[in-house]
>>> print(open('model.cif').read())   # mmCIF, C-alpha atoms
data_protein
#
loop_
_atom_site.label_atom_id
_atom_site.label_comp_id
_atom_site.auth_asym_id
_atom_site.auth_seq_id
_atom_site.Cartn_x
_atom_site.Cartn_y
_atom_site.Cartn_z
CA MET A 21 0.00 0.00 0.00
CA LEU A 22 1.11 3.52 -0.79
CA THR A 23 0.29 6.67 1.12
CA GLN A 24 0.43 10.01 -0.62
CA MET A 25 2.53 12.53 1.27
CA HIS A 26 3.42 16.19 0.93
CA VAL A 27 6.55 18.09 1.81
CA ARG A 28 5.56 20.01 4.92
CA GLY A 29 8.86 21.51 5.79
CA LEU A 30 12.60 21.50 5.81
CA MET A 31 14.61 21.65 9.02
CA PHE A 32 18.27 21.89 9.91
CA ASP A 33 19.55 19.17 12.21
CA PRO A 34 22.50 20.62 14.15
CA TYR A 35 23.47 17.16 15.50
CA THR A 36 24.15 15.64 12.10
CA ASN A 37 24.80 18.92 10.26
CA ALA A 38 22.24 17.76 7.72
CA TYR A 39 18.78 18.87 6.70
CA ILE A 40 15.54 17.01 7.31
CA ILE A 41 12.65 16.95 4.86
CA ILE A 42 9.37 16.43 6.65
CA LEU A 43 6.78 14.47 4.71
CA ARG A 44 3.23 14.22 6.03
CA ASP A 45 0.06 12.61 4.76
CA ASP A 46 -3.16 14.57 4.27
CA SER A 47 -4.68 13.54 7.59
CA ASN A 48 -1.42 14.29 9.45
CA ALA A 49 -1.58 10.74 10.80
CA GLU A 50 1.79 9.74 9.42
CA MET A 51 5.04 11.65 9.36
CA LEU A 52 8.31 10.71 7.69
CA PRO A 53 11.54 12.66 8.22
CA ILE A 54 14.25 12.14 5.59
CA TRP A 55 17.80 13.37 6.15
CA VAL A 56 19.40 15.03 3.12
CA GLY A 57 22.56 16.98 2.32
CA LYS A 58 22.79 20.72 1.86
CA PRO A 59 22.67 20.89 -1.97
CA GLU A 60 19.63 18.58 -2.02
CA ALA A 61 17.94 20.62 0.71
CA SER A 62 18.44 23.85 -1.24
CA ALA A 63 17.12 22.16 -4.41
CA ILE A 64 13.96 21.27 -2.48
CA SER A 65 13.60 24.62 -0.72
CA PHE A 66 13.91 26.55 -4.02
CA ALA A 67 11.07 24.49 -5.44
CA MET A 68 8.93 24.84 -2.28
CA GLU A 69 9.33 28.60 -2.23
CA GLY A 70 8.98 28.96 -5.99
CA VAL A 71 12.36 30.66 -6.24
CA SER A 72 13.56 30.88 -9.80
CA THR A 73 17.30 31.14 -10.25
CA PRO A 74 18.92 33.08 -13.09
CA ARG A 75 20.39 29.84 -14.45
CA PRO A 76 18.76 26.39 -14.26
CA MET A 77 19.81 24.38 -11.22
CA THR A 78 20.49 20.64 -11.55
CA HIS A 79 16.89 19.53 -10.93
CA ASP A 80 15.56 22.26 -13.23
CA LEU A 81 17.80 20.75 -15.89
CA MET A 82 16.45 17.30 -15.06
CA LYS A 83 12.91 18.61 -15.59
CA THR A 84 13.78 20.45 -18.81
CA MET A 85 15.49 17.39 -20.28
CA LEU A 86 12.44 15.24 -19.56
CA ASP A 87 10.05 17.95 -20.85
CA THR A 88 12.10 18.41 -24.03
CA ALA A 89 12.10 14.67 -24.68
CA ASP A 90 8.35 14.52 -23.97
CA ALA A 91 8.85 12.17 -21.04
CA LYS A 92 6.30 12.62 -18.26
CA VAL A 93 6.94 11.96 -14.58
CA ILE A 94 3.86 10.16 -13.25
CA SER A 95 4.83 9.86 -9.61
CA VAL A 96 7.72 9.36 -7.25
CA VAL A 97 7.63 6.70 -4.58
CA VAL A 98 9.74 6.29 -1.45
CA THR A 99 9.99 2.51 -1.68
CA ASP A 100 12.28 1.22 1.02
CA LEU A 101 14.36 1.89 4.10
CA LYS A 102 17.46 -0.21 4.69
CA GLU A 103 20.07 0.56 7.35
CA ASN A 104 19.04 4.21 7.62
CA THR A 105 19.08 4.69 3.84
CA TYR A 106 15.86 5.56 2.09
CA TYR A 107 15.24 4.38 -1.46
CA ALA A 108 12.94 5.93 -4.03
CA ARG A 109 11.80 5.38 -7.58
CA VAL A 110 10.80 7.87 -10.26
CA HIS A 111 7.95 6.60 -12.45
CA LEU A 112 7.89 7.93 -15.99
CA LEU A 113 5.80 7.65 -19.10
CA TYR A 114 7.71 7.92 -22.38
CA GLU A 115 6.50 6.91 -25.84
CA ASP A 116 3.63 4.82 -24.39
CA SER A 117 5.93 2.83 -22.11
CA GLU A 118 6.33 3.08 -18.37
CA TYR A 119 9.72 3.34 -16.74
CA SER A 120 10.75 3.16 -13.11
CA ILE A 121 14.16 4.50 -12.16
CA ASP A 122 16.06 4.15 -8.89
CA ALA A 123 16.77 7.47 -7.14
CA ARG A 124 17.60 8.97 -3.79
CA PRO A 125 14.42 10.35 -2.18
CA SER A 126 16.00 13.84 -2.16
CA ASP A 127 16.38 13.85 -5.96
CA ALA A 128 12.97 12.24 -6.46
CA ILE A 129 11.28 14.85 -4.24
CA ALA A 130 13.20 17.78 -5.77
CA LEU A 131 12.00 16.59 -9.17
CA ALA A 132 8.41 15.86 -8.04
CA LEU A 133 8.01 19.41 -6.68
CA ARG A 134 9.16 20.85 -10.01
CA VAL A 135 7.00 18.70 -12.25
CA LYS A 136 4.09 18.77 -9.76
CA THR A 137 3.62 15.03 -9.48
CA PRO A 138 2.43 13.26 -6.33
CA ILE A 139 4.87 11.81 -3.82
CA PHE A 140 3.97 8.41 -2.38
CA VAL A 141 5.51 6.46 0.46
CA ASN A 142 5.31 2.71 0.77
CA ASP A 143 3.55 1.83 4.03
CA ASP A 144 6.36 -0.61 4.88
CA VAL A 145 8.72 2.37 5.00
CA ILE A 146 6.51 4.19 7.48
CA ARG A 147 6.37 1.06 9.61
CA LYS A 148 10.10 0.40 9.37
CA HIS A 149 10.80 4.05 10.11
CA SER A 150 8.95 3.81 13.41
CA ASN A 151 10.79 0.59 14.25
CA GLU A 152 14.21 1.98 13.39
CA GLU A 153 13.47 5.09 15.37
CA MET A 154 12.47 2.95 18.36
CA ASP A 155 15.67 0.91 17.95
CA ARG A 156 17.78 4.03 17.85
CA TRP A 157 16.03 5.40 20.88
CA LEU A 158 16.60 2.16 22.78
CA GLU A 159 20.26 2.04 21.70
CA ASN A 160 20.84 5.56 22.90
CA LEU A 161 19.38 4.90 26.32
CA LYS A 162 21.97 5.21 29.03
CA PRO A 163 21.85 3.39 32.38
CA GLU A 164 21.09 6.68 34.11
CA ASP A 165 18.00 7.08 31.93
CA PHE A 166 16.48 4.15 33.75
CA GLY A 167 14.79 4.70 37.05
CA LYS A 168 14.99 8.45 36.79
CA PHE A 169 11.54 8.66 38.24
CA ASP A 170 12.54 6.78 41.43
CA ALA A 171 13.77 9.92 43.05
CA MET B 29 27.98 29.45 -35.88
CA MET B 30 27.25 26.51 -33.60
CA GLU B 31 28.52 23.75 -35.86
CA THR B 32 31.64 25.47 -37.05
CA GLY B 33 34.11 27.03 -34.72
CA LEU B 34 33.86 24.50 -31.92
CA VAL B 35 36.95 23.37 -30.05
CA LYS B 36 37.00 20.03 -28.28
CA LEU B 37 38.11 20.18 -24.66
CA THR B 38 38.77 17.66 -21.91
CA VAL B 39 38.56 18.19 -18.17
CA GLN B 40 42.05 18.44 -16.73
CA GLY B 41 40.98 18.76 -13.15
CA VAL B 42 38.82 20.37 -10.52
CA MET B 43 40.70 22.70 -8.23
CA PRO B 44 39.87 24.76 -5.18
CA ASP B 45 39.37 28.45 -5.92
CA ALA B 46 42.43 30.63 -5.37
CA ILE B 47 40.43 32.79 -2.98
CA PRO B 48 40.51 31.29 0.54
CA ASN B 49 37.16 30.14 1.97
CA SER B 50 35.52 30.54 -1.41
CA ASP B 51 32.53 28.27 -1.93
CA SER B 52 33.53 27.85 -5.55
CA GLN B 53 35.76 25.38 -7.31
CA VAL B 54 37.39 25.75 -10.69
CA VAL B 55 37.04 23.21 -13.47
CA ILE B 56 40.01 23.41 -15.83
CA LEU B 57 39.36 22.40 -19.43
CA GLN B 58 41.99 22.17 -22.16
CA ASP B 59 42.09 21.29 -25.82
CA GLU B 60 44.20 18.46 -27.18
CA ASN B 61 47.19 20.65 -28.09
CA LYS B 62 47.01 22.49 -24.77
CA ALA B 63 46.71 25.66 -26.83
CA HIS B 64 43.52 26.73 -25.08
CA THR B 65 42.67 26.61 -21.39
CA LEU B 66 39.20 27.36 -20.12
CA PRO B 67 38.65 27.79 -16.37
CA ILE B 68 35.02 27.61 -15.28
CA TRP B 69 33.95 28.51 -11.74
CA VAL B 70 31.39 26.12 -10.30
CA GLY B 71 29.76 25.52 -6.92
CA VAL B 72 31.28 23.00 -4.52
CA ALA B 73 28.45 20.49 -5.08
CA GLU B 74 28.87 20.67 -8.87
CA GLY B 75 32.67 20.54 -8.61
CA THR B 76 32.40 17.45 -6.43
CA ALA B 77 29.96 15.89 -8.91
CA ILE B 78 32.53 16.35 -11.68
CA ARG B 79 35.51 15.18 -9.62
CA LEU B 80 33.83 12.00 -8.40
CA ALA B 81 32.97 10.95 -11.95
CA MET B 82 36.52 11.69 -13.15
CA GLU B 83 37.95 9.59 -10.35
CA GLY B 84 35.59 6.76 -11.28
CA VAL B 85 33.99 6.80 -7.84
CA ILE B 86 30.76 4.82 -7.84
CA PRO B 87 28.69 6.18 -4.95
CA PRO B 88 26.48 3.73 -3.02
CA ARG B 89 23.42 5.67 -4.14
CA PRO B 90 23.01 7.57 -7.43
CA LEU B 91 23.89 11.26 -7.10
CA SER B 92 21.82 13.84 -8.98
CA HIS B 93 23.87 13.64 -12.19
CA ASP B 94 23.96 9.85 -12.00
CA LEU B 95 20.17 9.98 -11.88
CA ILE B 96 20.05 12.20 -14.99
CA ARG B 97 22.39 9.77 -16.78
CA ASN B 98 20.23 6.80 -15.70
CA LEU B 99 17.04 8.59 -16.76
CA THR B 100 18.37 9.35 -20.25
CA GLU B 101 19.90 5.88 -20.68
CA GLN B 102 16.74 4.06 -19.65
CA LEU B 103 14.60 6.18 -21.97
CA GLY B 104 17.00 5.38 -24.82
CA LEU B 105 18.21 8.95 -25.12
CA LYS B 106 21.86 9.61 -25.78
CA ILE B 107 23.87 12.66 -24.75
CA SER B 108 25.77 13.20 -28.00
CA LYS B 109 27.78 16.22 -26.90
CA VAL B 110 27.82 19.22 -24.60
CA VAL B 111 28.87 22.67 -25.75
CA VAL B 112 29.93 25.73 -23.76
CA THR B 113 28.18 28.22 -26.01
CA ASP B 114 28.52 31.65 -24.53
CA VAL B 115 29.79 33.86 -21.74
CA LYS B 116 27.96 36.95 -20.56
CA ASN B 117 29.16 38.96 -17.57
CA THR B 118 31.29 36.05 -16.32
CA THR B 119 28.31 33.65 -16.55
CA TYR B 120 28.96 30.75 -18.87
CA TYR B 121 26.18 29.10 -20.85
CA ALA B 122 26.09 25.56 -22.14
CA SER B 123 23.88 23.30 -24.24
CA ILE B 124 23.35 19.59 -23.87
CA TYR B 125 22.63 17.72 -27.12
CA LEU B 126 20.28 14.80 -26.62
CA SER B 127 19.56 12.41 -29.42
CA SER B 128 16.48 10.24 -29.48
CA LYS B 129 15.40 7.82 -32.20
CA GLN B 130 13.65 10.57 -34.09
CA SER B 131 15.41 13.78 -33.40
CA GLU B 132 18.20 15.77 -31.87
CA LEU B 133 17.18 17.93 -28.93
CA THR B 134 19.07 20.77 -27.28
CA VAL B 135 18.71 21.73 -23.63
CA ASP B 136 20.05 24.89 -21.97
CA SER B 137 22.30 24.14 -19.00
CA ARG B 138 24.91 25.52 -16.68
CA PRO B 139 28.35 24.31 -17.84
CA SER B 140 28.84 22.58 -14.47
CA ASP B 141 25.82 20.31 -15.02
CA ALA B 142 26.72 19.77 -18.68
CA ILE B 143 30.29 18.76 -17.76
CA ALA B 144 29.14 16.56 -14.86
CA LEU B 145 26.92 14.71 -17.35
CA ALA B 146 29.56 14.58 -20.09
CA VAL B 147 32.14 12.93 -17.82
CA ARG B 148 29.52 10.34 -16.77
CA THR B 149 28.46 9.49 -20.30
CA SER B 150 31.88 9.83 -22.00
CA SER B 151 30.35 12.48 -24.23
CA PRO B 152 32.62 15.03 -25.90
CA ILE B 153 32.82 18.55 -24.47
CA TYR B 154 33.16 21.48 -26.89
CA VAL B 155 33.51 25.20 -26.47
CA ALA B 156 32.63 27.84 -29.03
CA GLN B 157 35.80 29.40 -30.45
CA ASP B 158 34.18 32.75 -29.80
CA VAL B 159 34.14 32.04 -26.04
CA LEU B 160 37.85 31.21 -26.10
CA ASP B 161 38.61 34.36 -28.11
CA ARG B 162 36.97 36.48 -25.45
CA LEU B 163 38.93 34.97 -22.55
CA ALA B 164 41.24 37.46 -20.93
CA PRO B 165 44.75 36.00 -20.53
CA GLU B 166 44.96 37.28 -16.96
CA ASN B 167 42.08 34.97 -16.09
CA VAL B 168 43.79 31.93 -17.56
CA ASP B 169 47.49 32.37 -16.76
CA PRO B 170 47.28 31.67 -13.01
CA TRP B 171 45.51 28.37 -13.73
CA LEU B 172 48.06 27.41 -16.37
CA LYS B 173 50.79 27.92 -13.75
CA MET B 174 48.89 25.74 -11.30
CA LEU B 175 48.39 23.10 -13.97
CA GLY B 176 52.14 23.02 -14.49
CA ALA B 177 52.90 22.96 -10.80
CA LYS B 178 50.39 20.43 -9.58
CA GLU B 179 49.65 16.85 -10.37
CA PHE B 180 45.98 16.31 -10.91
CA GLY B 181 44.35 13.20 -9.59
CA GLY B 182 42.13 11.26 -11.93
CA THR B 183 42.31 13.08 -15.25
CA VAL B 184 39.89 11.72 -17.83
#
>>> encode(input="model.cif", output="structure tokens")
Amino acid sequence: MLTQMHVRGLMFDPYTNAYIIILRDDSNAEMLPIWVGKPEASAISFAMEGVSTPRPMTHDLMKTMLDTADAKVISVVVTDLKENTYYARVHLLYEDSEYSIDARPSDAIALALRVKTPIFVNDDVIRKHSNEEMDRWLENLKPEDFGKFDA
Amino acid sequence: MMETGLVKLTVQGVMPDAIPNSDSQVVILQDENKAHTLPIWVGVAEGTAIRLAMEGVIPPRPLSHDLIRNLTEQLGLKISKVVVTDVKNTTYYASIYLSSKQSELTVDSRPSDAIALAVRTSSPIYVAQDVLDRLAPENVDPWLKMLGAKEFGGTV
């Protein structure tokens, strides 16, 4: 099952020195944070804010190349989460055939915002995300975190 | 004008900008006879994208230009060449030539993206003779000295 999500925001994470894209579904029931690098974050923020740069940025070029070739992006899907790495696919229609191409979620989302196609997330990813987050939280627990309510 | 008067260049290296703490890098292009040198200032992300491809680094996940290469390859489009076409107020312009079964398409691009794609697809890089003619020697000479002085890692 796929859930459609929207980019709700972009945050800076001072602990990892990276940026976090916040995806949310329409009902705000599910949330998915995805860590991205600075160039990818700026590619996404330009598209979110509708900033047009004097020269085409990399994802603008990606869009123009696809437009020029008459290839249409149908959707992008965040498909998997393995060892803290998110995987995505870009689905395209070109000359009556469908194509699905492996991408980082950051590139897929930067492209989706420019071509105005929906972003979907595989429900497994949302589930795995909650599990991995729980694992990380458990791993980071220190002995002193236990029994802090005794006193 | 586009078809005649093009000079073929190869990327000699990506170097840090001479200005300390600059967030730019410089891509150095030269023709076969080393008669012409073209330095092009690019952002750090774009410079890194070019350098990684030159060094043959295969990243665990596709970077943005790898994705563009994969997109064009899977759709059966071929990047036949990239051309640095113009320079206006220190901004360089480039075109990417895409060939499909039916036609040849041209897409406007920053030279950094065009070069990052060319080094990934082994496509030739050209510059308009006109652009070379307008280069001021004082902009090129320092880079020629550095080219002579330094060994570049991973030339194409």
>>> closest_atom_pairs(input="model.cif", of="chain B", to="chain A", cutoff="8 Å", atoms="all atoms listed in the file", output="Markdown table")
| residue | atom | partner | partner_atom | distance |
| --- | --- | --- | --- | --- |
| B:Ala73 | CA | A:Pro59 | CA | 6.6 |
| B:Arg89 | CA | A:Arg124 | CA | 6.7 |
| B:Pro90 | CA | A:Ala123 | CA | 6.2 |
| B:Leu91 | CA | A:Arg124 | CA | 7.5 |
| B:Ser92 | CA | A:Asp127 | CA | 6.2 |
| B:His93 | CA | A:Thr78 | CA | 7.8 |
| B:Leu95 | CA | A:Ala123 | CA | 6.4 |
| B:Ile96 | CA | A:Met82 | CA | 6.2 |
| B:Asn98 | CA | A:Ile121 | CA | 7.4 |
| B:Leu99 | CA | A:Ile121 | CA | 6.8 |
| B:Gln102 | CA | A:Tyr119 | CA | 7.6 |
| B:Leu103 | CA | A:Tyr114 | CA | 7.1 |
| B:Ser128 | CA | A:Ala89 | CA | 7.9 |
| B:Leu133 | CA | A:Thr88 | CA | 7.1 |
| B:Val135 | CA | A:Met85 | CA | 6.4 |
| B:Asp136 | CA | A:Leu81 | CA | 7.7 |
| B:Ser137 | CA | A:Pro76 | CA | 6.3 |
| B:Arg138 | CA | A:Arg75 | CA | 6.6 |
| B:Asp141 | CA | A:Thr78 | CA | 6.4 |
>>> atom_distance(input="model.cif", atom1="CA of Val168 in chain B", atom2="CA of Val147 in chain B")
22.3 Å
>>> residues_around(input="model.cif", residues="Ile107 in chain B", least_positions_apart="2", cutoff="8 Å", atoms="all atoms listed in the file", output="NGL selection string")
:B and (100 or 105 or 109-110 or 124-127 or 146 or 149 or 151)
>>> resolve_selection(input="model.cif", expression="the PyMOL selection byres ((chain A and resi 145-153) around 10)", output="number ranges by chain")
A: 22-23, 50-54, 98-104, 106-107, 141-144, 154-159
>>> resolve_selection(input="model.cif", expression="the PyMOL selection byres ((chain B and resi 154) around 10)", output="number ranges by chain")
B: 33-38, 57, 59, 109-113, 122-123, 143, 151-153, 155-157
>>> atom_distance(input="model.cif", atom1="CA of His64 in chain B", atom2="CA of Leu80 in chain B")
24.3 Å
>>> atom_distance(input="model.cif", atom1="CA of Gly57 in chain A", atom2="CA of Pro67 in chain B")
26.9 Å
>>> resolve_selection(input="model.cif", expression="the PyMOL selection byres ((chain B and resi 56) around 8)", output="PyMOL selection string")
chain B and resi 39-43+54-55+57-58+65-68+171
>>> axis_aligned_box(input="model.cif", around="range 87-103 of chain A", padding_each_side="3 Å", output="lines of an AutoDock Vina configuration file")
center_x = 12.0
center_y = 9.1
center_z = -8.7
size_x = 22.2
size_y = 24.6
size_z = 38.0
>>> residues_around(input="model.cif", residues="Leu30 in chain A", least_positions_apart="6", cutoff="8 Å", atoms="only C-alpha atoms", output="PyMOL selection string")
chain A and resi 39-42+61+65
>>> decode(input="model.cif", residues="range 62-95 of chain A", atoms="N, CA and C atoms", output="PDB file, in the first residue's frame")
ATOM      1  N   SER A  62      18.693  22.569  -0.574  1.00  0.00           N
ATOM      2  CA  SER A  62      18.436  23.848  -1.239  1.00  0.00           C
ATOM      3  C   SER A  62      17.656  23.614  -2.529  1.00  0.00           C
ATOM      4  N   ALA A  63      17.901  22.480  -3.199  1.00  0.00           N
ATOM      5  CA  ALA A  63      17.124  22.155  -4.408  1.00  0.00           C
ATOM      6  C   ALA A  63      15.638  22.025  -4.060  1.00  0.00           C
ATOM      7  N   ILE A  64      15.353  21.457  -2.893  1.00  0.00           N
ATOM      8  CA  ILE A  64      13.960  21.275  -2.476  1.00  0.00           C
ATOM      9  C   ILE A  64      13.359  22.592  -1.991  1.00  0.00           C
ATOM     10  N   SER A  65      14.149  23.377  -1.248  1.00  0.00           N
ATOM     11  CA  SER A  65      13.596  24.622  -0.718  1.00  0.00           C
ATOM     12  C   SER A  65      13.323  25.636  -1.838  1.00  0.00           C
ATOM     13  N   PHE A  66      14.173  25.667  -2.867  1.00  0.00           N
ATOM     14  CA  PHE A  66      13.909  26.552  -4.020  1.00  0.00           C
ATOM     15  C   PHE A  66      12.559  26.213  -4.644  1.00  0.00           C
ATOM     16  N   ALA A  67      12.315  24.917  -4.803  1.00  0.00           N
ATOM     17  CA  ALA A  67      11.067  24.487  -5.442  1.00  0.00           C
ATOM     18  C   ALA A  67       9.866  24.782  -4.542  1.00  0.00           C
ATOM     19  N   MET A  68      10.033  24.587  -3.211  1.00  0.00           N
ATOM     20  CA  MET A  68       8.930  24.843  -2.279  1.00  0.00           C
ATOM     21  C   MET A  68       8.555  26.309  -2.263  1.00  0.00           C
ATOM     22  N   GLU A  69       9.587  27.163  -2.328  1.00  0.00           N
ATOM     23  CA  GLU A  69       9.334  28.600  -2.231  1.00  0.00           C
ATOM     24  C   GLU A  69       9.116  29.244  -3.598  1.00  0.00           C
ATOM     25  N   GLY A  70       9.175  28.438  -4.638  1.00  0.00           N
ATOM     26  CA  GLY A  70       8.979  28.956  -5.992  1.00  0.00           C
ATOM     27  C   GLY A  70      10.055  29.935  -6.432  1.00  0.00           C
ATOM     28  N   VAL A  71      11.251  29.782  -5.858  1.00  0.00           N
ATOM     29  CA  VAL A  71      12.360  30.664  -6.237  1.00  0.00           C
ATOM     30  C   VAL A  71      12.847  30.261  -7.626  1.00  0.00           C
ATOM     31  N   SER A  72      12.946  31.241  -8.523  1.00  0.00           N
ATOM     32  CA  SER A  72      13.556  30.883  -9.799  1.00  0.00           C
ATOM     33  C   SER A  72      14.930  31.524  -9.872  1.00  0.00           C
ATOM     34  N   THR A  73      15.902  30.706 -10.216  1.00  0.00           N
ATOM     35  CA  THR A  73      17.299  31.137 -10.245  1.00  0.00           C
ATOM     36  C   THR A  73      17.616  31.642 -11.648  1.00  0.00           C
ATOM     37  N   PRO A  74      18.603  32.546 -11.759  1.00  0.00           N
ATOM     38  CA  PRO A  74      18.924  33.078 -13.088  1.00  0.00           C
ATOM     39  C   PRO A  74      19.315  31.968 -14.079  1.00  0.00           C
ATOM     40  N   ARG A  75      20.013  30.958 -13.582  1.00  0.00           N
ATOM     41  CA  ARG A  75      20.388  29.841 -14.454  1.00  0.00           C
ATOM     42  C   ARG A  75      19.744  28.571 -13.890  1.00  0.00           C
ATOM     43  N   PRO A  76      19.433  27.600 -14.757  1.00  0.00           N
ATOM     44  CA  PRO A  76      18.762  26.387 -14.258  1.00  0.00           C
ATOM     45  C   PRO A  76      19.645  25.606 -13.295  1.00  0.00           C
ATOM     46  N   MET A  77      19.091  25.238 -12.145  1.00  0.00           N
ATOM     47  CA  MET A  77      19.813  24.381 -11.218  1.00  0.00           C
ATOM     48  C   MET A  77      19.666  22.932 -11.707  1.00  0.00           C
ATOM     49  N   THR A  78      20.411  22.026 -11.054  1.00  0.00           N
ATOM     50  CA  THR A  78      20.485  20.642 -11.553  1.00  0.00           C
ATOM     51  C   THR A  78      19.107  19.986 -11.752  1.00  0.00           C
ATOM     52  N   HIS A  79      18.193  20.179 -10.784  1.00  0.00           N
ATOM     53  CA  HIS A  79      16.888  19.526 -10.930  1.00  0.00           C
ATOM     54  C   HIS A  79      15.981  20.245 -11.927  1.00  0.00           C
ATOM     55  N   ASP A  80      16.255  21.546 -12.155  1.00  0.00           N
ATOM     56  CA  ASP A  80      15.557  22.256 -13.229  1.00  0.00           C
ATOM     57  C   ASP A  80      15.983  21.654 -14.571  1.00  0.00           C
ATOM     58  N   LEU A  81      17.277  21.374 -14.678  1.00  0.00           N
ATOM     59  CA  LEU A  81      17.804  20.750 -15.894  1.00  0.00           C
ATOM     60  C   LEU A  81      17.164  19.382 -16.112  1.00  0.00           C
ATOM     61  N   MET A  82      17.066  18.630 -15.001  1.00  0.00           N
ATOM     62  CA  MET A  82      16.451  17.296 -15.063  1.00  0.00           C
ATOM     63  C   MET A  82      15.035  17.415 -15.641  1.00  0.00           C
ATOM     64  N   LYS A  83      14.275  18.384 -15.119  1.00  0.00           N
ATOM     65  CA  LYS A  83      12.909  18.610 -15.590  1.00  0.00           C
ATOM     66  C   LYS A  83      12.903  19.011 -17.067  1.00  0.00           C
ATOM     67  N   THR A  84      13.768  19.970 -17.430  1.00  0.00           N
ATOM     68  CA  THR A  84      13.783  20.455 -18.815  1.00  0.00           C
ATOM     69  C   THR A  84      14.142  19.338 -19.791  1.00  0.00           C
ATOM     70  N   MET A  85      15.111  18.489 -19.391  1.00  0.00           N
ATOM     71  CA  MET A  85      15.492  17.389 -20.280  1.00  0.00           C
ATOM     72  C   MET A  85      14.303  16.458 -20.507  1.00  0.00           C
ATOM     73  N   LEU A  86      13.596  16.139 -19.431  1.00  0.00           N
ATOM     74  CA  LEU A  86      12.438  15.243 -19.558  1.00  0.00           C
ATOM     75  C   LEU A  86      11.328  15.910 -20.374  1.00  0.00           C
ATOM     76  N   ASP A  87      11.061  17.197 -20.099  1.00  0.00           N
ATOM     77  CA  ASP A  87      10.052  17.947 -20.852  1.00  0.00           C
ATOM     78  C   ASP A  87      10.393  17.972 -22.339  1.00  0.00           C
ATOM     79  N   THR A  88      11.659  18.286 -22.634  1.00  0.00           N
ATOM     80  CA  THR A  88      12.098  18.412 -24.025  1.00  0.00           C
ATOM     81  C   THR A  88      11.939  17.084 -24.767  1.00  0.00           C
ATOM     82  N   ALA A  89      12.213  15.990 -24.050  1.00  0.00           N
ATOM     83  CA  ALA A  89      12.104  14.673 -24.680  1.00  0.00           C
ATOM     84  C   ALA A  89      10.660  14.167 -24.681  1.00  0.00           C
ATOM     85  N   ASP A  90       9.754  14.927 -24.060  1.00  0.00           N
ATOM     86  CA  ASP A  90       8.349  14.522 -23.966  1.00  0.00           C
ATOM     87  C   ASP A  90       8.149  13.323 -23.048  1.00  0.00           C
ATOM     88  N   ALA A  91       8.998  13.218 -22.042  1.00  0.00           N
ATOM     89  CA  ALA A  91       8.845  12.169 -21.040  1.00  0.00           C
ATOM     90  C   ALA A  91       8.107  12.782 -19.857  1.00  0.00           C
ATOM     91  N   LYS A  92       7.123  12.056 -19.329  1.00  0.00           N
ATOM     92  CA  LYS A  92       6.300  12.618 -18.264  1.00  0.00           C
ATOM     93  C   LYS A  92       6.536  11.860 -16.959  1.00  0.00           C
ATOM     94  N   VAL A  93       6.805  12.601 -15.889  1.00  0.00           N
ATOM     95  CA  VAL A  93       6.940  11.964 -14.583  1.00  0.00           C
ATOM     96  C   VAL A  93       5.527  11.733 -14.035  1.00  0.00           C
ATOM     97  N   ILE A  94       5.205  10.481 -13.741  1.00  0.00           N
ATOM     98  CA  ILE A  94       3.861  10.162 -13.254  1.00  0.00           C
ATOM     99  C   ILE A  94       3.788  10.308 -11.735  1.00  0.00           C
ATOM    100  N   SER A  95       4.795   9.776 -11.073  1.00  0.00           N
ATOM    101  CA  SER A  95       4.829   9.858  -9.615  1.00  0.00           C
ATOM    102  C   SER A  95       6.239   9.543  -9.137  1.00  0.00           C
TER     103      SER A  95
END
